[in-house]
Amino acid sequence: MLRGASIICLSSIDWEFNRQNPQEVASAFAESGNWVLFIENTGLRRPALRDVPRLWTRLRNWLRAAGGVRPLGNGIDLHSPLLIPLPYSRLAGFINTRAVLRIIQRWLSRDPGRPLIVITFLPTPLALSLIHRLDPSLVVYYCIDRLAQSSPGARKLRYSEAKLFAKADLVLITAEGLRSADMRAASRVEIVPSGVRYGDFEQARRSRSTPPPLFDGLTGPIAGFAGSLRDQTDLELLEHAAALAPDLNFVFVGPLMTDVKRLAAHANVRLAGSIVHQDVIRHMVHFDVGILPYVLDDYTAGIMPAKLREYLAAGLPVVSTPLPEVCRFAEKHVGVIDFASDAQDFAAAIRAAVSRDSPAAVERRLEVARRYDWSALMERLSDWMEALLTAR
């Protein structure tokens with residue numbers, strides 16, 4: 001693994017949000033002997049009322065670090081920037097760049113002799129401006145979603161993202177469906193899918209005992225979802241499925257980023273809200289089925305849910321709406337995913353998955369999950385990055 005570098009990680013999510021690719025990448029490089037500065041999400045759009053809890057957490061973290069950098073104790077330093085929330089304003093961009101750049105330069109001054117690498121999960125004007133000012137030895141853009149299609153307020157990203165494709169030394173995508181015509185300007189494009197900490201799930205499966213309190217009193221199969229409930233979640237399908245299938249329990253573990261009142265009103269629905277990642281794993285191994293209930297639109301057409309491989313690492317059968325990337329995965333790994341497009345079929349698929357489960361089927365899922373262990377994926381990424389640094 002690459003070691004001895006200073007790595008700036010411009011994340012698309014905050015550190016304490018659901019553990020995803022940004023945290024895994026930052027952790028892997030910190031563990032291998034690099035200095036890592038994890039800069040929390042600097043924004044894709046103007047904040048809305050629903051962002052107030054996240055903004056309050058950001059303010060609290062900023063105060064804890066006195067506006068600077070806070071060591072996390074795992075080899076990673078965290079910066080929670082307070083910025084003018086106008087991501088496409090030139091004046092705000094100028095001010096925000098200076099604010100973040102000051103923190104980065106102070107952090108880098110501890111050992112200026114190390115090679116500097118920027119790994120950005122954001123294709124924003126601010127990310128481009130920071131890269132230009134820092135002039136790092138290596139620029140990696142990890143494209144994990146079609147962010148320009150994530151909301152009307154993020155559509156302007158397509159301009160800065162096209163520039164980032166041309167600027168980056170290495171572009172990473174999590175799924176084939178994320179390739180675009182703009183990527184033809186990129187020097188190199190590689191696939192690094194969202195992985196899984198297989199060992200953590202193996203330990204949780206083997207030590208599984210009393211279920212967490214969230215499961216108290218539940219009888220009947222448990223269809224579980226681990227992740228944020230947001231606009232891309234098919235809440236209408238879930239509401240109807242819960243009404244049609246009182247014999248099934250629907251358990252949701254993760255942040256609530258949209259209105260879930262109608263879903264929560266069903267007696268067979270339980271919502272845990274945000275919990276730490278290790279506790280998420282402890283909950284997942286008590287599901288009977290993992291579900292992927294996404295709406296189908298231009299944005300989700302490129303989504304490859306990270307939780308899919310986590311479900312498999314927990315030994316769970318999976319029921320999904322027919323997301324293109326999940327369908328492609330199912331073609332490659334036959335027999336581990338069932339699909340349904342409406343509430344009635346979704347409930348029926350959950351029941352069928354439970355009824356035909358077997359030790360052999362569990363082992364098949366585990367075998368698939370082992371192929372996507374984060375350690376192997378990060379070794380591959382590290383090799384590419386070291387080769388590019390050597391070539392330079």
# chains A, B, ... in the order shown; residues from 1 in each chain; ligands from 1

$ residues_around --residues "Pro221 (chain A)" --least-positions-apart "3" --cutoff "8 Å" --atoms "only C-alpha atoms" --output "VMD selection string"
chain A and resid 247 to 249 287 to 289 351 354

$ residues_around --residues "Leu263 (chain A)" --least-positions-apart "2" --cutoff "9 Å" --atoms "only C-alpha atoms" --output "NGL selection string"
:A and (235-236 or 238-240 or 242 or 259-261 or 265-266 or 269)

$ select_by_dssp --residues "region 154-392 of chain A" --states "helix (DSSP H, G or I)" --output "ChimeraX atom specification"
/A:154,157-167,176-178,181-185,198-206,213-215,235-244,261-264,277-284,300-302,306-313,324-332,343-355,359-370,374-391

$ select_by_dssp --residues "region 99-223 of chain A" --states "strand (DSSP E or B)" --output "list in words"
Leu116, Ile117, Val118, Ile119, Thr120, Leu138, Val139, Val140, Tyr141, Tyr142, Cys143, Leu170, Val171, Leu172, Ile173, Val189, Glu190, Ile191, Val196, Ile222 and Ala223 of chain A

$ write_last_selection --atoms "N, CA and C atoms" --output "PDB file, in the first residue's frame"
ATOM      1  N   LEU A 116       1.918  15.304  -2.164  1.00  0.00           N
ATOM      2  CA  LEU A 116       0.546  15.702  -1.862  1.00  0.00           C
ATOM      3  C   LEU A 116      -0.413  15.073  -2.868  1.00  0.00           C
ATOM      4  N   ILE A 117      -1.433  14.417  -2.343  1.00  0.00           N
ATOM      5  CA  ILE A 117      -2.457  13.783  -3.170  1.00  0.00           C
ATOM      6  C   ILE A 117      -3.816  14.332  -2.757  1.00  0.00           C
ATOM      7  N   VAL A 118      -4.633  14.688  -3.739  1.00  0.00           N
ATOM      8  CA  VAL A 118      -6.016  15.085  -3.475  1.00  0.00           C
ATOM      9  C   VAL A 118      -6.929  14.021  -4.050  1.00  0.00           C
ATOM     10  N   ILE A 119      -7.774  13.462  -3.185  1.00  0.00           N
ATOM     11  CA  ILE A 119      -8.822  12.539  -3.615  1.00  0.00           C
ATOM     12  C   ILE A 119     -10.141  13.245  -3.356  1.00  0.00           C
ATOM     13  N   THR A 120     -10.847  13.594  -4.412  1.00  0.00           N
ATOM     14  CA  THR A 120     -12.092  14.319  -4.246  1.00  0.00           C
ATOM     15  C   THR A 120     -13.285  13.471  -4.669  1.00  0.00           C
ATOM     16  N   LEU A 138      -0.797  14.408  -7.349  1.00  0.00           N
ATOM     17  CA  LEU A 138      -1.753  13.483  -7.949  1.00  0.00           C
ATOM     18  C   LEU A 138      -3.164  13.935  -7.595  1.00  0.00           C
ATOM     19  N   VAL A 139      -4.052  13.891  -8.594  1.00  0.00           N
ATOM     20  CA  VAL A 139      -5.460  14.220  -8.393  1.00  0.00           C
ATOM     21  C   VAL A 139      -6.298  13.009  -8.769  1.00  0.00           C
ATOM     22  N   VAL A 140      -7.112  12.545  -7.822  1.00  0.00           N
ATOM     23  CA  VAL A 140      -8.010  11.416  -8.049  1.00  0.00           C
ATOM     24  C   VAL A 140      -9.441  11.889  -7.826  1.00  0.00           C
ATOM     25  N   TYR A 141     -10.288  11.657  -8.817  1.00  0.00           N
ATOM     26  CA  TYR A 141     -11.715  11.963  -8.663  1.00  0.00           C
ATOM     27  C   TYR A 141     -12.471  10.644  -8.563  1.00  0.00           C
ATOM     28  N   TYR A 142     -13.106  10.426  -7.416  1.00  0.00           N
ATOM     29  CA  TYR A 142     -13.885   9.203  -7.175  1.00  0.00           C
ATOM     30  C   TYR A 142     -15.358   9.553  -7.399  1.00  0.00           C
ATOM     31  N   CYS A 143     -15.869   9.171  -8.542  1.00  0.00           N
ATOM     32  CA  CYS A 143     -17.245   9.478  -8.936  1.00  0.00           C
ATOM     33  C   CYS A 143     -18.146   8.320  -8.495  1.00  0.00           C
ATOM     34  N   LEU A 170      -6.534  10.408 -12.366  1.00  0.00           N
ATOM     35  CA  LEU A 170      -7.226   9.125 -12.292  1.00  0.00           C
ATOM     36  C   LEU A 170      -8.677   9.394 -11.904  1.00  0.00           C
ATOM     37  N   VAL A 171      -9.598   8.867 -12.706  1.00  0.00           N
ATOM     38  CA  VAL A 171     -11.025   8.945 -12.403  1.00  0.00           C
ATOM     39  C   VAL A 171     -11.501   7.548 -12.033  1.00  0.00           C
ATOM     40  N   LEU A 172     -12.165   7.441 -10.906  1.00  0.00           N
ATOM     41  CA  LEU A 172     -12.712   6.165 -10.441  1.00  0.00           C
ATOM     42  C   LEU A 172     -14.230   6.224 -10.511  1.00  0.00           C
ATOM     43  N   ILE A 173     -14.852   5.140 -10.925  1.00  0.00           N
ATOM     44  CA  ILE A 173     -16.305   5.034 -10.909  1.00  0.00           C
ATOM     45  C   ILE A 173     -16.678   3.751 -10.174  1.00  0.00           C
ATOM     46  N   VAL A 189      -9.593   6.065 -16.570  1.00  0.00           N
ATOM     47  CA  VAL A 189     -10.828   5.771 -15.839  1.00  0.00           C
ATOM     48  C   VAL A 189     -10.803   4.304 -15.426  1.00  0.00           C
ATOM     49  N   GLU A 190     -11.021   4.050 -14.148  1.00  0.00           N
ATOM     50  CA  GLU A 190     -11.039   2.681 -13.623  1.00  0.00           C
ATOM     51  C   GLU A 190     -12.274   2.487 -12.744  1.00  0.00           C
ATOM     52  N   ILE A 191     -12.712   1.251 -12.640  1.00  0.00           N
ATOM     53  CA  ILE A 191     -13.835   0.924 -11.774  1.00  0.00           C
ATOM     54  C   ILE A 191     -13.325   0.428 -10.422  1.00  0.00           C
ATOM     55  N   VAL A 196     -16.940  -3.886   0.951  1.00  0.00           N
ATOM     56  CA  VAL A 196     -17.516  -4.285   2.227  1.00  0.00           C
ATOM     57  C   VAL A 196     -16.391  -4.700   3.162  1.00  0.00           C
ATOM     58  N   ILE A 222     -38.269 -10.414   8.979  1.00  0.00           N
ATOM     59  CA  ILE A 222     -37.832  -9.022   9.072  1.00  0.00           C
ATOM     60  C   ILE A 222     -37.163  -8.623   7.763  1.00  0.00           C
ATOM     61  N   ALA A 223     -37.784  -7.677   7.066  1.00  0.00           N
ATOM     62  CA  ALA A 223     -37.187  -7.085   5.873  1.00  0.00           C
ATOM     63  C   ALA A 223     -36.492  -5.809   6.304  1.00  0.00           C
TER      64      ALA A 223
END

$ residues_around --residues "Gly302 (chain A)" --least-positions-apart "3" --cutoff "9 Å" --atoms "only C-alpha atoms" --output "list in words"
Ile144, Asp145, Arg146, Thr174, Ala175, Glu176, Gly177, Leu178, Arg179, Asp298, Tyr299, Leu323, Pro324 and Glu325 of chain A

$ closest_residue --among "A:Leu10, A:Ile337, A:Met378, A:Ala301" --to "Ser32 (chain A)" --atoms "only C-alpha atoms"
A:Met378

$ closest_residue --among "A:Ser194, A:Ser341, A:Thr390, A:Ser27" --to "Ala241 (chain A)" --atoms "only C-alpha atoms"
A:Ser341

$ closest_residue --among "A:Phe94, A:Phe252, A:Phe121, A:Phe165" --to "Asp14 (chain A)" --atoms "only C-alpha atoms"
A:Phe121

$ residues_around --residues "region 371-376 of chain A" --least-positions-apart "4" --cutoff "10 Å" --atoms "only C-alpha atoms" --output "PyMOL selection string"
chain A and resi 1+21+24-25+28+192-199+309-310+313+366-367+380-382

$ atom_distance --atom1 "CA of His132 (chain A)" --atom2 "CA of Arg98 (chain A)"
12.2 Å

$ atom_distance --atom1 "CA of Arg282 (chain A)" --atom2 "CA of Glu331 (chain A)"
29.2 Å

$ residues_around --residues "Trp35 (chain A)" --least-positions-apart "2" --cutoff "9 Å" --atoms "only C-alpha atoms" --output "PyMOL selection string"
chain A and resi 3-8+29-30+33+37+75-77

$ write_last_selection --atoms "N, CA and C atoms" --output "JSON list (two decimals), in the first residue's frame"
[["chain", "number", "residue", "atom", "x", "y", "z"],
["A", 3, "ARG", "N", 2.35, 4.69, 1.02],
["A", 3, "ARG", "CA", 2.62, 5.22, 2.35],
["A", 3, "ARG", "C", 3.49, 6.47, 2.23],
["A", 4, "GLY", "N", 3.48, 7.30, 3.29],
["A", 4, "GLY", "CA", 4.35, 8.46, 3.34],
["A", 4, "GLY", "C", 3.84, 9.68, 2.60],
["A", 5, "ALA", "N", 2.57, 9.69, 2.19],
["A", 5, "ALA", "CA", 2.01, 10.83, 1.46],
["A", 5, "ALA", "C", 1.09, 11.64, 2.37],
["A", 6, "SER", "N", 0.87, 12.88, 1.99],
["A", 6, "SER", "CA", -0.18, 13.71, 2.60],
["A", 6, "SER", "C", -1.38, 13.66, 1.67],
["A", 7, "ILE", "N", -2.51, 13.21, 2.20],
["A", 7, "ILE", "CA", -3.69, 13.00, 1.36],
["A", 7, "ILE", "C", -4.83, 13.87, 1.86],
["A", 8, "ILE", "N", -5.34, 14.72, 0.97],
["A", 8, "ILE", "CA", -6.52, 15.52, 1.24],
["A", 8, "ILE", "C", -7.72, 14.79, 0.66],
["A", 29, "PHE", "N", -6.01, 4.51, 3.67],
["A", 29, "PHE", "CA", -4.72, 5.18, 3.46],
["A", 29, "PHE", "C", -4.11, 5.65, 4.78],
["A", 30, "ALA", "N", -4.91, 5.98, 5.76],
["A", 30, "ALA", "CA", -4.37, 6.32, 7.07],
["A", 30, "ALA", "C", -3.74, 5.10, 7.72],
["A", 33, "GLY", "N", -0.14, 4.21, 6.61],
["A", 33, "GLY", "CA", 1.00, 5.07, 6.92],
["A", 33, "GLY", "C", 1.03, 6.40, 6.21],
["A", 37, "LEU", "N", -6.16, 14.15, 5.72],
["A", 37, "LEU", "CA", -7.06, 15.22, 6.17],
["A", 37, "LEU", "C", -8.41, 15.01, 5.48],
["A", 75, "GLY", "N", -5.53, 8.09, 12.89],
["A", 75, "GLY", "CA", -4.62, 8.49, 11.82],
["A", 75, "GLY", "C", -5.23, 9.50, 10.87],
["A", 76, "ILE", "N", -6.46, 9.92, 11.14],
["A", 76, "ILE", "CA", -7.17, 10.86, 10.27],
["A", 76, "ILE", "C", -7.44, 12.14, 11.04],
["A", 77, "ASP", "N", -7.18, 13.26, 10.39],
["A", 77, "ASP", "CA", -7.56, 14.57, 10.93],
["A", 77, "ASP", "C", -8.82, 15.04, 10.21]]

$ residues_around --residues "Ala154 (chain A)" --least-positions-apart "5" --cutoff "12 Å" --atoms "only C-alpha atoms" --output "mmCIF file with N, CA and C atoms, in the first residue's frame"
data_model
loop_
_atom_site.group_PDB
_atom_site.id
_atom_site.type_symbol
_atom_site.label_atom_id
_atom_site.label_comp_id
_atom_site.auth_asym_id
_atom_site.auth_seq_id
_atom_site.Cartn_x
_atom_site.Cartn_y
_atom_site.Cartn_z
ATOM 1 N N GLY A 43 -20.723 20.972 0.106
ATOM 2 C CA GLY A 43 -22.015 21.373 -0.441
ATOM 3 C C GLY A 43 -22.132 21.310 -1.945
ATOM 4 N N LEU A 44 -23.323 20.848 -2.394
ATOM 5 C CA LEU A 44 -23.658 20.786 -3.811
ATOM 6 C C LEU A 44 -24.749 21.773 -4.185
ATOM 7 N N ARG A 45 -25.470 22.255 -3.186
ATOM 8 C CA ARG A 45 -26.630 23.119 -3.422
ATOM 9 C C ARG A 45 -26.821 24.018 -2.202
ATOM 10 N N ARG A 46 -27.727 24.979 -2.344
ATOM 11 C CA ARG A 46 -28.067 25.802 -1.189
ATOM 12 C C ARG A 46 -28.770 24.942 -0.152
ATOM 13 N N PRO A 47 -28.509 25.173 1.138
ATOM 14 C CA PRO A 47 -29.173 24.368 2.168
ATOM 15 C C PRO A 47 -30.665 24.653 2.221
ATOM 16 N N LEU A 86 -23.243 29.095 -0.902
ATOM 17 C CA LEU A 86 -23.589 29.452 -2.285
ATOM 18 C C LEU A 86 -22.550 28.803 -3.188
ATOM 19 N N PRO A 87 -22.693 27.503 -3.477
ATOM 20 C CA PRO A 87 -21.617 26.760 -4.129
ATOM 21 C C PRO A 87 -21.292 27.199 -5.552
ATOM 22 N N TYR A 88 -22.172 27.994 -6.194
ATOM 23 C CA TYR A 88 -21.912 28.375 -7.581
ATOM 24 C C TYR A 88 -21.706 29.884 -7.734
ATOM 25 N N LEU A 122 -16.137 15.145 -4.723
ATOM 26 C CA LEU A 122 -16.986 16.254 -5.155
ATOM 27 C C LEU A 122 -16.426 16.877 -6.431
ATOM 28 N N PRO A 123 -17.272 17.079 -7.445
ATOM 29 C CA PRO A 123 -16.827 17.746 -8.667
ATOM 30 C C PRO A 123 -17.246 19.216 -8.685
ATOM 31 N N THR A 124 -17.156 19.883 -7.543
ATOM 32 C CA THR A 124 -17.674 21.243 -7.408
ATOM 33 C C THR A 124 -16.653 22.289 -7.845
ATOM 34 N N PRO A 125 -17.118 23.519 -8.095
ATOM 35 C CA PRO A 125 -16.163 24.598 -8.369
ATOM 36 C C PRO A 125 -15.156 24.791 -7.240
ATOM 37 N N ARG A 146 -24.247 10.102 -9.870
ATOM 38 C CA ARG A 146 -24.506 11.175 -10.827
ATOM 39 C C ARG A 146 -24.969 12.398 -10.045
ATOM 40 N N LEU A 147 -24.019 13.069 -9.419
ATOM 41 C CA LEU A 147 -24.372 14.130 -8.483
ATOM 42 C C LEU A 147 -25.092 15.290 -9.156
ATOM 43 N N ALA A 148 -24.789 15.562 -10.416
ATOM 44 C CA ALA A 148 -25.456 16.664 -11.118
ATOM 45 C C ALA A 148 -26.943 16.411 -11.294
ATOM 46 N N GLN A 149 -27.373 15.154 -11.169
ATOM 47 C CA GLN A 149 -28.779 14.807 -11.315
ATOM 48 C C GLN A 149 -29.432 14.497 -9.972
ATOM 49 N N TYR A 159 -20.839 21.319 -15.360
ATOM 50 C CA TYR A 159 -19.778 22.136 -15.958
ATOM 51 C C TYR A 159 -18.455 21.914 -15.231
ATOM 52 N N SER A 160 -18.479 21.983 -13.910
ATOM 53 C CA SER A 160 -17.228 21.790 -13.168
ATOM 54 C C SER A 160 -16.783 20.334 -13.210
ATOM 55 N N GLU A 161 -17.751 19.394 -13.293
ATOM 56 C CA GLU A 161 -17.362 17.989 -13.360
ATOM 57 C C GLU A 161 -16.625 17.695 -14.663
ATOM 58 N N TYR A 299 -31.156 9.765 -12.004
ATOM 59 C CA TYR A 299 -30.123 9.743 -10.969
ATOM 60 C C TYR A 299 -29.859 8.316 -10.496
#

$ atom_distance --atom1 "CA of Phe38 (chain A)" --atom2 "CA of Leu78 (chain A)"
4.9 Å

$ residues_around --residues "Arg208 (chain A)" --least-positions-apart "5" --cutoff "9 Å" --atoms "only C-alpha atoms" --output "CSV table (one decimal) with C-alpha atoms, in the first residue's frame"
chain,number,residue,atom,x,y,z
A,203,GLN,CA,-17.5,-11.4,13.3
A,282,ARG,CA,-25.0,-5.6,14.5
A,285,VAL,CA,-27.2,-9.6,10.9
A,286,HIS,CA,-30.7,-9.9,12.5
